[in-house]
$ cat model.txt   # compact mmCIF, C-alpha atoms and all ligand atoms
# COMPACT_ATOMS: atom_id res chain seq x y z
CA MET A 1 132.06 77.42 116.16
CA LEU A 2 133.56 80.84 116.91
CA SER A 3 135.62 80.86 113.67
CA LEU A 4 137.99 78.22 115.10
CA ARG A 5 139.37 75.57 112.74
CA SER A 6 140.04 72.96 115.41
CA THR A 7 138.40 71.59 118.53
CA THR A 8 140.21 70.96 121.80
CA ASP A 9 140.04 67.39 123.14
CA PRO A 10 138.25 67.50 126.52
CA ALA A 11 141.14 65.35 127.87
CA TRP A 12 143.08 68.65 127.93
CA VAL A 13 141.16 69.55 131.13
CA ALA A 14 142.31 66.41 132.95
CA ARG A 15 145.90 67.12 131.82
CA ILE A 16 146.00 70.63 133.28
CA GLU A 17 143.75 70.25 136.34
CA PRO A 18 146.56 68.93 138.60
CA ASP A 19 148.41 72.22 137.90
CA MET A 20 145.38 74.47 138.28
CA ALA A 21 147.19 76.97 140.53
CA GLU A 22 149.71 77.59 137.74
CA VAL A 23 146.87 77.80 135.19
CA LEU A 24 145.13 80.44 137.33
CA VAL A 25 148.30 82.55 137.33
CA ASP A 26 148.43 82.17 133.53
CA HIS A 27 144.75 83.08 133.32
CA ALA A 28 145.32 86.26 135.33
CA HIS A 29 148.15 87.23 132.95
CA CYS A 30 145.86 86.50 129.96
CA GLU A 31 143.11 88.80 131.24
CA LYS A 32 145.68 91.54 131.93
CA LYS A 33 147.06 91.09 128.40
CA ALA A 34 143.53 91.17 126.91
CA ALA A 35 142.95 94.54 128.61
CA GLY A 36 146.32 95.72 127.27
CA THR A 37 145.55 94.56 123.73
CA ALA A 38 142.30 96.54 123.69
CA MET A 39 143.99 99.58 125.24
CA ASN A 40 146.85 99.45 122.72
CA MET A 41 144.27 99.56 119.91
CA VAL A 42 142.63 102.58 121.55
CA PHE A 43 146.06 104.29 121.44
CA SER A 44 146.69 103.29 117.81
CA TYR A 45 143.30 104.26 116.38
CA VAL A 46 142.21 107.06 118.69
CA GLU A 47 141.11 109.18 115.71
CA HIS A 48 138.35 106.59 114.97
CA PRO A 49 135.81 107.19 117.78
CA ALA A 50 133.31 104.56 116.61
CA PHE A 51 136.14 102.00 116.58
CA ILE A 52 137.57 102.76 120.00
CA GLN A 53 134.36 103.34 121.97
CA PRO A 54 133.47 99.63 122.30
CA LEU A 55 137.16 98.85 122.93
CA THR A 56 137.13 101.04 126.03
CA GLU A 57 134.36 98.76 127.33
CA VAL A 58 136.50 95.70 126.55
CA VAL A 59 139.37 97.24 128.56
CA GLU A 60 137.06 97.63 131.55
CA GLU A 61 135.60 94.15 131.21
CA GLU A 62 139.00 92.47 130.89
CA LEU A 63 140.22 94.35 133.96
CA GLN A 64 137.13 93.09 135.83
CA HIS A 65 138.06 89.56 134.74
CA PHE A 66 141.63 90.15 135.88
CA ARG A 67 140.38 91.25 139.31
CA ALA A 68 137.99 88.28 139.46
CA VAL A 69 140.83 85.82 138.78
CA LEU A 70 143.01 87.54 141.39
CA GLY A 71 140.08 87.18 143.82
CA ILE A 72 139.73 83.44 143.15
CA MET A 73 143.50 83.06 143.53
CA ALA A 74 143.49 84.94 146.85
CA SER A 75 140.67 82.73 148.16
CA ARG A 76 142.88 79.72 147.39
CA ASP A 77 146.18 81.16 148.62
CA VAL A 78 147.60 81.20 145.10
CA LYS A 79 150.15 84.00 144.72
CA MET A 80 150.37 86.14 141.60
CA THR A 81 153.85 85.80 140.13
CA GLY A 82 155.73 86.36 136.91
CA GLN A 83 155.55 83.30 134.70
CA VAL A 84 157.01 81.87 131.51
CA GLN A 85 154.33 82.48 128.88
CA SER A 86 153.05 79.91 126.44
CA SER A 87 154.29 80.51 122.89
CA TYR A 88 150.72 80.81 121.56
CA GLY A 89 150.29 84.59 121.74
CA LYS A 90 153.77 85.34 120.44
CA ARG A 91 153.36 83.04 117.44
CA LEU A 92 150.01 84.59 116.58
CA GLY A 93 151.34 88.11 117.02
CA ALA A 94 154.10 87.34 114.50
CA LEU A 95 151.42 86.93 111.81
CA ILE A 96 150.26 90.56 112.07
CA ARG A 97 151.31 92.53 109.00
CA THR A 98 153.03 95.90 109.41
CA ARG A 99 151.24 98.20 106.92
CA GLU A 100 147.80 99.72 107.41
CA PRO A 101 145.03 98.85 106.93
CA GLU A 102 146.26 95.23 106.92
CA LYS A 103 147.75 95.74 110.36
CA ALA A 104 144.43 96.85 111.89
CA LEU A 105 142.64 93.96 110.18
CA ASP A 106 145.17 91.42 111.45
CA ARG A 107 145.16 92.83 114.99
CA CYS A 108 141.36 92.51 115.09
CA CYS A 109 141.37 88.98 113.64
CA VAL A 110 144.14 87.74 115.96
CA ALA A 111 142.38 89.26 118.98
CA ALA A 112 139.11 87.65 117.84
CA LEU A 113 140.76 84.24 117.51
CA ILE A 114 142.40 84.47 120.95
CA GLU A 115 139.01 85.40 122.45
CA ALA A 116 137.44 82.45 120.60
CA ARG A 117 140.06 79.95 121.81
CA SER A 118 139.77 81.27 125.37
CA CYS A 119 136.00 80.91 125.18
CA GLU A 120 136.33 77.35 123.84
CA ARG A 121 138.71 76.45 126.68
CA PHE A 122 136.42 78.11 129.27
CA ILE A 123 133.51 75.98 128.01
CA LEU A 124 135.60 72.82 128.50
CA LEU A 125 136.73 73.94 131.95
CA SER A 126 133.15 74.76 132.96
CA GLU A 127 131.99 71.31 131.86
CA HIS A 128 134.86 69.04 132.87
CA LEU A 129 136.73 70.47 135.86
CA GLN A 130 136.28 68.26 138.89
CA ASP A 131 136.56 71.41 140.99
CA ARG A 132 132.96 72.61 140.55
CA GLU A 133 133.56 76.03 142.13
CA LEU A 134 136.15 76.80 139.47
CA GLY A 135 133.95 75.20 136.82
CA ALA A 136 131.15 77.64 137.70
CA PHE A 137 133.64 80.54 137.60
CA TYR A 138 134.63 79.64 134.02
CA GLY A 139 130.96 79.24 133.11
CA GLU A 140 130.39 82.87 134.13
CA LEU A 141 133.28 84.20 132.03
CA LEU A 142 132.69 82.48 128.71
CA GLU A 143 129.78 84.63 127.52
CA SER A 144 131.80 87.83 127.53
CA GLU A 145 134.74 86.24 125.70
CA ALA A 146 132.31 85.03 122.98
CA ARG A 147 130.98 88.59 122.77
CA HIS A 148 134.52 90.00 122.48
CA HIS A 149 135.21 87.54 119.67
CA ALA A 150 132.22 88.84 117.68
CA LEU A 151 133.07 92.46 118.49
CA TYR A 152 136.65 92.25 117.17
CA LEU A 153 135.37 90.81 113.89
CA ARG A 154 132.84 93.64 113.56
CA LEU A 155 135.56 96.18 114.36
CA ALA A 156 137.77 94.84 111.56
CA GLU A 157 135.11 96.05 109.13
CA HIS A 158 135.92 99.65 110.07
CA PHE A 159 139.08 99.20 108.03
CA VAL A 160 138.33 96.67 105.27
CA PRO A 161 135.26 95.28 103.47
CA ARG A 162 133.60 92.22 104.99
CA GLU A 163 134.85 89.84 102.26
CA THR A 164 138.44 90.94 102.88
CA MET A 165 137.96 90.37 106.61
CA ARG A 166 136.42 86.94 106.02
CA SER A 167 139.20 85.70 103.77
CA ARG A 168 141.98 86.94 106.09
CA LEU A 169 140.13 85.47 109.07
CA GLU A 170 140.11 82.08 107.34
CA GLU A 171 143.88 82.26 106.77
CA LEU A 172 144.56 83.29 110.35
CA ALA A 173 142.13 80.72 111.78
CA ALA A 174 144.01 77.99 109.89
CA ALA A 175 147.30 79.32 111.28
CA GLU A 176 145.82 79.49 114.80
CA ALA A 177 144.75 75.84 114.57
CA GLU A 178 148.34 74.88 113.61
CA ILE A 179 149.79 76.95 116.45
CA ILE A 180 147.47 75.53 119.12
CA ALA A 181 148.21 72.01 117.79
CA LEU A 182 151.90 72.57 118.57
CA GLY A 183 150.85 72.51 122.21
CA ASP A 184 153.05 73.62 125.06
CA PRO A 185 154.79 71.60 127.75
CA LEU A 186 153.63 74.13 130.34
CA PRO A 187 150.15 73.94 131.91
CA ARG A 188 148.54 77.00 130.34
CA LEU A 189 145.12 78.10 129.06
CA HIS A 190 146.48 77.93 125.52
CA SER A 191 148.72 74.86 125.95
FE FE A 201 138.42 88.21 129.67
FE FE A 202 137.88 88.84 126.30

$ encode --input "model.txt" --output "structure tokens"
Amino acid sequence: MLSLRSTTDPAWVARIEPDMAEVLVDHAHCEKKAAGTAMNMVFSYVEHPAFIQPLTEVVEEELQHFRAVLGIMASRDVKMTGQVQSSYGKRLGALIRTREPEKALDRCCVAALIEARSCERFILLSEHLQDRELGAFYGELLESEARHHALYLRLAEHFVPRETMRSRLEELAAAEAEIIALGDPLPRLHS
């Protein structure tokens, strides 16, 4: 499903649920970063209007998600703070090559995989959180992350043929599965 090469054990939800306030702070940072990732691509490829137009919509949607998480946090008296990040995003970012068009391809594939893993985790949270209000919140978010996943893969084809995208996606999906398997001692969405 969703190009992912591994499946998260639903026991992950029970592991992080006691630290859900910290996970919400992480989630807010993730949505902010997702908006930033899309915006950075708008800056990098601004001379490709068909490429950046849907990305501007992603920026808006991720900012809406960011505001929604901040709203849930406020309703629970959870303060937004700086936080030590999980190593997941940094490890994936290190796989992006530096020359074009490989760089654009890799940025799209890495963004697609992060969206896919977030969506997979949101599905688990929606199904297994004991806190049903939060479960419903994650149920509302997962559709748009699945859509962003598909969009980033389509966008990669602005720069390379589909077969090239598919084979690089397979390599990066295998790497993503290894990175997520490393886990993280911190309670995070991608721990
Ligand atoms: Fe989002
Ligand atoms: Fe997203």

$ closest_atom_pairs --input "model.txt" --of "chain A" --to "ligand FE 202 (chain A)" --cutoff "8 Å" --atoms "all atoms listed in the file" --output "JSON lines"
{"residue": "A:Glu31", "atom": "CA", "partner": "A:FE202", "partner_atom": "FE", "distance": 7.2}
{"residue": "A:Ala34", "atom": "CA", "partner": "A:FE202", "partner_atom": "FE", "distance": 6.1}
{"residue": "A:Ala35", "atom": "CA", "partner": "A:FE202", "partner_atom": "FE", "distance": 8.0}
{"residue": "A:Val58", "atom": "CA", "partner": "A:FE202", "partner_atom": "FE", "distance": 7.0}
{"residue": "A:Glu61", "atom": "CA", "partner": "A:FE202", "partner_atom": "FE", "distance": 7.6}
{"residue": "A:Glu62", "atom": "CA", "partner": "A:FE202", "partner_atom": "FE", "distance": 6.0}
{"residue": "A:Glu115", "atom": "CA", "partner": "A:FE202", "partner_atom": "FE", "distance": 5.3}
{"residue": "A:Ser118", "atom": "CA", "partner": "A:FE202", "partner_atom": "FE", "distance": 7.9}
{"residue": "A:Ser144", "atom": "CA", "partner": "A:FE202", "partner_atom": "FE", "distance": 6.3}
{"residue": "A:Glu145", "atom": "CA", "partner": "A:FE202", "partner_atom": "FE", "distance": 4.1}
{"residue": "A:Ala146", "atom": "CA", "partner": "A:FE202", "partner_atom": "FE", "distance": 7.5}
{"residue": "A:Arg147", "atom": "CA", "partner": "A:FE202", "partner_atom": "FE", "distance": 7.8}
{"residue": "A:His148", "atom": "CA", "partner": "A:FE202", "partner_atom": "FE", "distance": 5.2}
{"residue": "A:His149", "atom": "CA", "partner": "A:FE202", "partner_atom": "FE", "distance": 7.3}

$ closest_residue --input "model.txt" --among "A:Leu124, A:Cys108, A:Leu141, A:Ala181" --to "ligand FE 201 (chain A)" --atoms "only C-alpha atoms and all ligand atoms"
A:Leu141

$ closest_residue --input "model.txt" --among "A:Val110, A:Lys32, A:Gln64, A:Arg132" --to "Ala174 of chain A" --atoms "only C-alpha atoms"
A:Val110

$ closest_residue --input "model.txt" --among "A:Ser6, A:Thr81, A:Ala38, A:Cys119" --to "Glu60 of chain A" --atoms "all atoms listed in the file"
A:Ala38

$ residues_around --input "model.txt" --residues "Ser86 of chain A" --least-positions-apart "4" --cutoff "9 Å" --atoms "only C-alpha atoms" --output "ChimeraX atom specification"
/A:26,90,183-191

$ closest_residue --input "model.txt" --among "A:Tyr45, A:His27, A:Leu113, A:Ile72" --to "Ala177 of chain A" --atoms "only C-alpha atoms"
A:Leu113

$ atom_distance --input "model.txt" --atom1 "atom CA of Leu142 of chain A" --atom2 "atom CA of Ser44 of chain A"
27.3 Å

$ atom_distance --input "model.txt" --atom1 "atom CA of Glu17 of chain A" --atom2 "atom CA of His128 of chain A"
9.6 Å

$ closest_residue --input "model.txt" --among "A:Ala111, A:Ala74, A:Leu172, A:Cys30" --to "ligand FE 201 (chain A)" --atoms "all atoms listed in the file"
A:Cys30

$ atom_distance --input "model.txt" --atom1 "atom CA of Ile123 of chain A" --atom2 "atom CA of Tyr138 of chain A"
7.1 Å

$ closest_residue --input "model.txt" --among "A:Gln130, A:Ser75, A:Thr56, A:Ser167" --to "Leu105 of chain A" --atoms "all atoms listed in the file"
A:Ser167

$ residues_around --input "model.txt" --residues "Leu4 of chain A" --least-positions-apart "2" --cutoff "7 Å" --atoms "all atoms listed in the file" --output "list in words"
Met1, Leu2, Ser6, Ala116 and Ala173 of chain A

$ write_last_selection --input "model.txt" --atoms "C-alpha atoms" --output "PDB file, in the frame of the given file"
ATOM      1  CA  MET A   1     132.060  77.420 116.160  1.00  0.00           C
ATOM      2  CA  LEU A   2     133.560  80.840 116.910  1.00  0.00           C
ATOM      3  CA  SER A   6     140.040  72.960 115.410  1.00  0.00           C
ATOM      4  CA  ALA A 116     137.440  82.450 120.600  1.00  0.00           C
ATOM      5  CA  ALA A 173     142.130  80.720 111.780  1.00  0.00           C
TER       6      ALA A 173
END

$ residues_around --input "model.txt" --residues "Cys109 of chain A" --least-positions-apart "5" --cutoff "12 Å" --atoms "only C-alpha atoms" --output "ChimeraX atom specification"
/A:2-4,92-93,95-97,102-104,114-116,148-157,159-160,164-176

$ residues_around --input "model.txt" --residues "Glu127 of chain A" --least-positions-apart "2" --cutoff "12 Å" --atoms "all atoms listed in the file" --output "CSV table (one decimal) with C-alpha atoms, in the coordinates of the input"
chain,number,residue,atom,x,y,z
A,10,PRO,CA,138.2,67.5,126.5
A,11,ALA,CA,141.1,65.4,127.9
A,13,VAL,CA,141.2,69.6,131.1
A,14,ALA,CA,142.3,66.4,133.0
A,120,GLU,CA,136.3,77.4,123.8
A,121,ARG,CA,138.7,76.4,126.7
A,122,PHE,CA,136.4,78.1,129.3
A,123,ILE,CA,133.5,76.0,128.0
A,124,LEU,CA,135.6,72.8,128.5
A,125,LEU,CA,136.7,73.9,132.0
A,129,LEU,CA,136.7,70.5,135.9
A,130,GLN,CA,136.3,68.3,138.9
A,131,ASP,CA,136.6,71.4,141.0
A,132,ARG,CA,133.0,72.6,140.6
A,133,GLU,CA,133.6,76.0,142.1
A,134,LEU,CA,136.2,76.8,139.5
A,135,GLY,CA,134.0,75.2,136.8
A,136,ALA,CA,131.2,77.6,137.7
A,137,PHE,CA,133.6,80.5,137.6
A,138,TYR,CA,134.6,79.6,134.0
A,139,GLY,CA,131.0,79.2,133.1
A,140,GLU,CA,130.4,82.9,134.1
A,142,LEU,CA,132.7,82.5,128.7

$ residues_around --input "model.txt" --residues "Gly82 of chain A" --least-positions-apart "3" --cutoff "10 Å" --atoms "all atoms listed in the file" --output "number ranges by chain"
A: 25-26, 29, 79, 85

$ decode --input "model.txt" --residues "segment 16-54 of chain A" --atoms "N, CA and C atoms" --output "tab-separated table (two decimals), in the first residue's frame"
chain	number	residue	atom	x	y	z
A	16	ILE	N	3.07	4.72	21.98
A	16	ILE	CA	3.19	6.19	22.02
A	16	ILE	C	2.02	6.87	22.73
A	17	GLU	N	0.89	6.17	22.88
A	17	GLU	CA	-0.30	6.87	23.41
A	17	GLU	C	-0.07	7.51	24.79
A	18	PRO	N	0.72	6.89	25.68
A	18	PRO	CA	0.94	7.56	26.98
A	18	PRO	C	1.64	8.92	26.83
A	19	ASP	N	2.35	9.13	25.72
A	19	ASP	CA	3.07	10.39	25.49
A	19	ASP	C	2.41	11.22	24.39
A	20	MET	N	1.09	11.14	24.31
A	20	MET	CA	0.39	11.75	23.18
A	20	MET	C	0.57	13.26	23.11
A	21	ALA	N	0.75	13.93	24.25
A	21	ALA	CA	0.97	15.38	24.20
A	21	ALA	C	2.25	15.68	23.42
A	22	GLU	N	3.31	14.89	23.69
A	22	GLU	CA	4.57	15.09	22.99
A	22	GLU	C	4.43	14.74	21.50
A	23	VAL	N	3.62	13.71	21.21
A	23	VAL	CA	3.39	13.32	19.81
A	23	VAL	C	2.64	14.43	19.07
A	24	LEU	N	1.70	15.08	19.75
A	24	LEU	CA	0.96	16.19	19.10
A	24	LEU	C	1.91	17.33	18.76
A	25	VAL	N	2.85	17.64	19.66
A	25	VAL	CA	3.83	18.69	19.35
A	25	VAL	C	4.64	18.27	18.12
A	26	ASP	N	5.07	17.00	18.09
A	26	ASP	CA	5.80	16.50	16.92
A	26	ASP	C	4.93	16.61	15.68
A	27	HIS	N	3.68	16.23	15.80
A	27	HIS	CA	2.77	16.28	14.65
A	27	HIS	C	2.66	17.71	14.12
A	28	ALA	N	2.53	18.67	15.02
A	28	ALA	CA	2.45	20.08	14.58
A	28	ALA	C	3.71	20.45	13.80
A	29	HIS	N	4.88	20.06	14.33
A	29	HIS	CA	6.13	20.35	13.60
A	29	HIS	C	6.12	19.67	12.23
A	30	CYS	N	5.62	18.45	12.16
A	30	CYS	CA	5.60	17.71	10.87
A	30	CYS	C	4.74	18.43	9.84
A	31	GLU	N	3.58	18.93	10.26
A	31	GLU	CA	2.70	19.63	9.31
A	31	GLU	C	3.36	20.93	8.84
A	32	LYS	N	4.01	21.61	9.76
A	32	LYS	CA	4.74	22.85	9.42
A	32	LYS	C	5.86	22.53	8.42
A	33	LYS	N	6.58	21.43	8.68
A	33	LYS	CA	7.66	21.04	7.77
A	33	LYS	C	7.11	20.63	6.40
A	34	ALA	N	5.94	19.96	6.39
A	34	ALA	CA	5.34	19.53	5.11
A	34	ALA	C	4.98	20.76	4.27
A	35	ALA	N	4.47	21.80	4.93
A	35	ALA	CA	4.18	23.05	4.21
A	35	ALA	C	5.49	23.65	3.68
A	36	GLY	N	6.54	23.61	4.50
A	36	GLY	CA	7.84	24.16	4.10
A	36	GLY	C	8.46	23.39	2.95
A	37	THR	N	8.34	22.06	2.98
A	37	THR	CA	8.87	21.23	1.89
A	37	THR	C	8.22	21.62	0.57
A	38	ALA	N	6.89	21.73	0.57
A	38	ALA	CA	6.18	22.10	-0.67
A	38	ALA	C	6.58	23.51	-1.11
A	39	MET	N	6.69	24.42	-0.14
A	39	MET	CA	7.04	25.81	-0.49
A	39	MET	C	8.47	25.88	-1.04
A	40	ASN	N	9.38	25.11	-0.44
A	40	ASN	CA	10.76	25.11	-0.95
A	40	ASN	C	10.80	24.64	-2.39
A	41	MET	N	9.96	23.67	-2.74
A	41	MET	CA	9.93	23.19	-4.13
A	41	MET	C	9.35	24.25	-5.06
A	42	VAL	N	8.38	25.03	-4.56
A	42	VAL	CA	7.86	26.15	-5.36
A	42	VAL	C	9.01	27.13	-5.66
A	43	PHE	N	9.83	27.41	-4.66
A	43	PHE	CA	10.98	28.31	-4.86
A	43	PHE	C	11.95	27.73	-5.88
A	44	SER	N	12.24	26.43	-5.76
A	44	SER	CA	13.28	25.81	-6.60
A	44	SER	C	12.85	25.68	-8.06
A	45	TYR	N	11.54	25.44	-8.29
A	45	TYR	CA	11.10	25.10	-9.65
A	45	TYR	C	10.04	26.08	-10.14
A	46	VAL	N	10.20	27.34	-9.77
A	46	VAL	CA	9.16	28.34	-10.04
A	46	VAL	C	8.96	28.56	-11.54
A	47	GLU	N	9.97	28.19	-12.35
A	47	GLU	CA	9.81	28.35	-13.80
A	47	GLU	C	9.01	27.21	-14.44
A	48	HIS	N	8.48	26.29	-13.61
A	48	HIS	CA	7.65	25.18	-14.12
A	48	HIS	C	6.23	25.34	-13.54
A	49	PRO	N	5.39	26.16	-14.18
A	49	PRO	CA	4.08	26.49	-13.58
A	49	PRO	C	3.19	25.27	-13.33
A	50	ALA	N	3.22	24.30	-14.25
A	50	ALA	CA	2.35	23.13	-14.06
A	50	ALA	C	2.83	22.29	-12.87
A	51	PHE	N	4.12	22.38	-12.57
A	51	PHE	CA	4.68	21.65	-11.43
A	51	PHE	C	4.32	22.33	-10.11
A	52	ILE	N	4.42	23.67	-10.10
A	52	ILE	CA	4.26	24.33	-8.79
A	52	ILE	C	2.80	24.62	-8.44
A	53	GLN	N	1.92	24.66	-9.44
A	53	GLN	CA	0.53	25.05	-9.13
A	53	GLN	C	-0.09	24.11	-8.08
A	54	PRO	N	-0.03	22.78	-8.29
A	54	PRO	CA	-0.61	21.91	-7.25
A	54	PRO	C	0.15	21.99	-5.92
